[in-house]
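Everything on this sheet refers to the single structure shown next.
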Amino acid sequence: MPRRMGHDRDKDKDRDRDRGRRGASKFSTPRKKTCKFCADAHLKLDFKNAQQVGIFISERGKILPRRYTGACSKHQRDITLAIKRARILAVIPFTATQVL
Ligand SMILES: [Zn+2]
């Protein structure tokens, strides 16, 4: 009898865990984000290329965080450096020209 009760408790725990996982997946789909610079070794970030650097800045000219770029910490640092260089060379703007 006590053994059976223990078994039931385990089942409840399993059910709770399942419910928890299902609840979490409702808000965030478990999608594996990969750094595209790590994935493709031939891909080089060029700070003179406005189109390439421009995808890592927001509409206001801010540098996008890793949760948006999906880059690893090493390549996020490279992206940041490239954006700062591109800003000095006036390839991309420091800020949005028209303040809303
Ligand atoms: Zn990377």
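Labels used: A, B, ... for chains in the order of the structure tokens, numbers from 1 for residues in each chain, and numbers from 1 for ligands as shown.
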
Worksheet item: Which residues sit within 9 Å of ligand 1, counting only C-alpha atoms and all ligand atoms, listed as an NGL selection string?
Response: :A and (34-39 or 70-76)

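Ranking A:Ala41, A:Lys32, A:Arg85, A:Ile79 by their shortest atom-to-atom distance to Ile55 of chain A, with only C-alpha atoms included, puts A:Ile79 first.
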
Practice prompt. Might you pull out every residue within 8 Å of Leu45 of chain A, with only C-alpha atoms counted and same-chain residues fewer than 6 positions away left off, and present them as JSON, numbers by chain?
Written response: {"A": [52, 53, 78, 79, 82]}

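Each of A:Lys48, A:His42, A:Lys62, A:Lys33 was compared to Phe94 of chain A using only C-alpha atoms, and A:Lys62 turns out to be the nearest.
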
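Interatomic distance, atom CA of Gln51 of chain A to atom CA of Ile92 of chain A: 9.1 Å.
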
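Every residue of segment 61-99 of chain A with a DSSP assignment of helix (DSSP H, G or I), taken from the backbone, is listed as Arg66, Arg67, Tyr68, Thr69, Ser73, Lys74, His75, Gln76, Arg77, Asp78, Ile79, Thr80, Leu81, Ala82, Ile83, Lys84, Arg85, Ala86, Arg87 and Ile88 of chain A.
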